[in-house]
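Working notes, beginning with the structure itself.
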Amino acid sequence: MNNSNWFWPDVSNPEEAKKACKVAMWCAIFVAGVTTLFSLLAIAGTKMNNIPVDGSALLDAALFGGIAFGLSRYSRFAGVAGFVLFLFERIYMISKAGVAGGGLFFGIFLLLGFLNGMRGALAYHKSQAQMQPRPLGPMATPPFS
C-alpha cells in the first residue's frame with residue numbers, strides 16, 4: 001500500500017525516492033531561474049521593493065543549477081546542499097526584507113521539496129547499497145599468481 005502524500009512522500013522504495021529527487025530538482029531549477037531573473041533585473045538598475053538582491057545572486061543561481069544537475073543524478077551531496085543552501089537563503093532574505101519580502105510562505109513549499117529531495121537521495125543510495133550482492137567469504141588469491 002502506498003501511503004504517500006505531496007508534502008511527506010514515502011521514500012522507502014527506490015522509485016518513490018527517485019520521484020522525491022526529481023521534485024527537488026525542479027525546485028532547484030525554479031529557484032535558479034527566479035534568482036537569475038531578479039539578479040539580472042538588479043544589474044539592469046531596476047529597483048525592487050524590499051528584495052535584497054544584486055548581481056552577486058548570479059552565483060546563487062549557478063549553485064542551484066549545479067544542485068539541480070546533482071539531484072537529477074540522485075546525488076546525496078546535492079540533496080543536502082540544496083536543502084541547507086535554500087534554508088540559509090530564506091533566513092537571510094527574511095532577516096533583510098521581512099516575512100513578505102523574504103518569501104516565507106512560498107519558501108516553505110520549496111523548502112519541503114528540498115527536504116524531501118534530500119530524504120529521497122539518502123534513501124535511494126541506502127536501498128541501492130542493500131541491493132548490492134556481497135561476497136560470501138573472504139576473497140583469496142590463487143597460489144602462484
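Going through the C-alpha cells in order, the chains are called A, B, and so on, while each chain numbers its residues from 1 and the ligands are numbered from 1 in the order shown.
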Residues within 12 Å of Phe109 in chain A, please, as a count of residues only. Count only C-alpha atoms; anything in the same chain fewer than 4 positions from it doesn't count. 18
Pull the alpha helix (DSSP H) assignments for chain A out of DSSP run on the backbone, and list those residues as an MDAnalysis selection string. chainID A and resid 14:43 57:72 76:101 104:131
Within 12 Å of Ala61 in chain A, counting only C-alpha atoms, which residues qualify if same-chain residues fewer than 3 places away don't, as an NGL selection string? :A and (28-40 or 53-58 or 64-68 or 82 or 85-86 or 89)
Computed interatomic separation between CA of Asn13 in chain A and CA of Gly79 in chain A (Å):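 These atoms are spaced 17.2 Å apart.
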Pairwise distance for CA of Ala121 in chain A and CA of Arg76 in chain A, rounded to one decimal in Å: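 About the pair CA of Ala121 in chain A and CA of Arg76 in chain A: they are 5.1 Å apart.
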Can you work out the spacing between CA of Ile94 in chain A and CA of Lys19 in chain A in Å, to one decimal?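 Rounded to one decimal, the two atoms are 29.7 Å apart.
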For range 96-100 of chain A, list every protein, DNA or RNA residue within 7 Å, evaluated using only C-alpha atoms, and leave out those in the same chain fewer than 5 positions away; present the list as a PDB file with N, CA and C atoms, in the first residue's frame.
ATOM      1  N   ASN A  50      11.981  46.062  -1.161  1.00  0.00           N
ATOM      2  CA  ASN A  50      12.263  45.123  -0.072  1.00  0.00           C
ATOM      3  C   ASN A  50      12.919  43.812  -0.487  1.00  0.00           C
ATOM      4  N   ILE A  51      13.511  43.717  -1.657  1.00  0.00           N
ATOM      5  CA  ILE A  51      14.153  42.463  -2.043  1.00  0.00           C
ATOM      6  C   ILE A  51      15.654  42.731  -2.154  1.00  0.00           C
ATOM      7  N   PRO A  52      16.440  42.190  -1.204  1.00  0.00           N
ATOM      8  CA  PRO A  52      17.884  42.459  -1.189  1.00  0.00           C
ATOM      9  C   PRO A  52      18.645  41.560  -2.169  1.00  0.00           C
TER      10      PRO A  52
END
Taking only C-alpha atoms into account, which of A:Gly107, A:Gly117, A:Gly102, A:Gly45 comes nearest Ala81 in chain A?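 When distances to Ala81 in chain A are compared using only C-alpha atoms, the smallest one comes from A:Gly117.
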Within 10 Å of Pro14 in chain A using only C-alpha atoms, minus same-chain residues under 3 positions, as a VMD selection string: chain A and resid 11 17 to 20 120 to 121 123 to 128
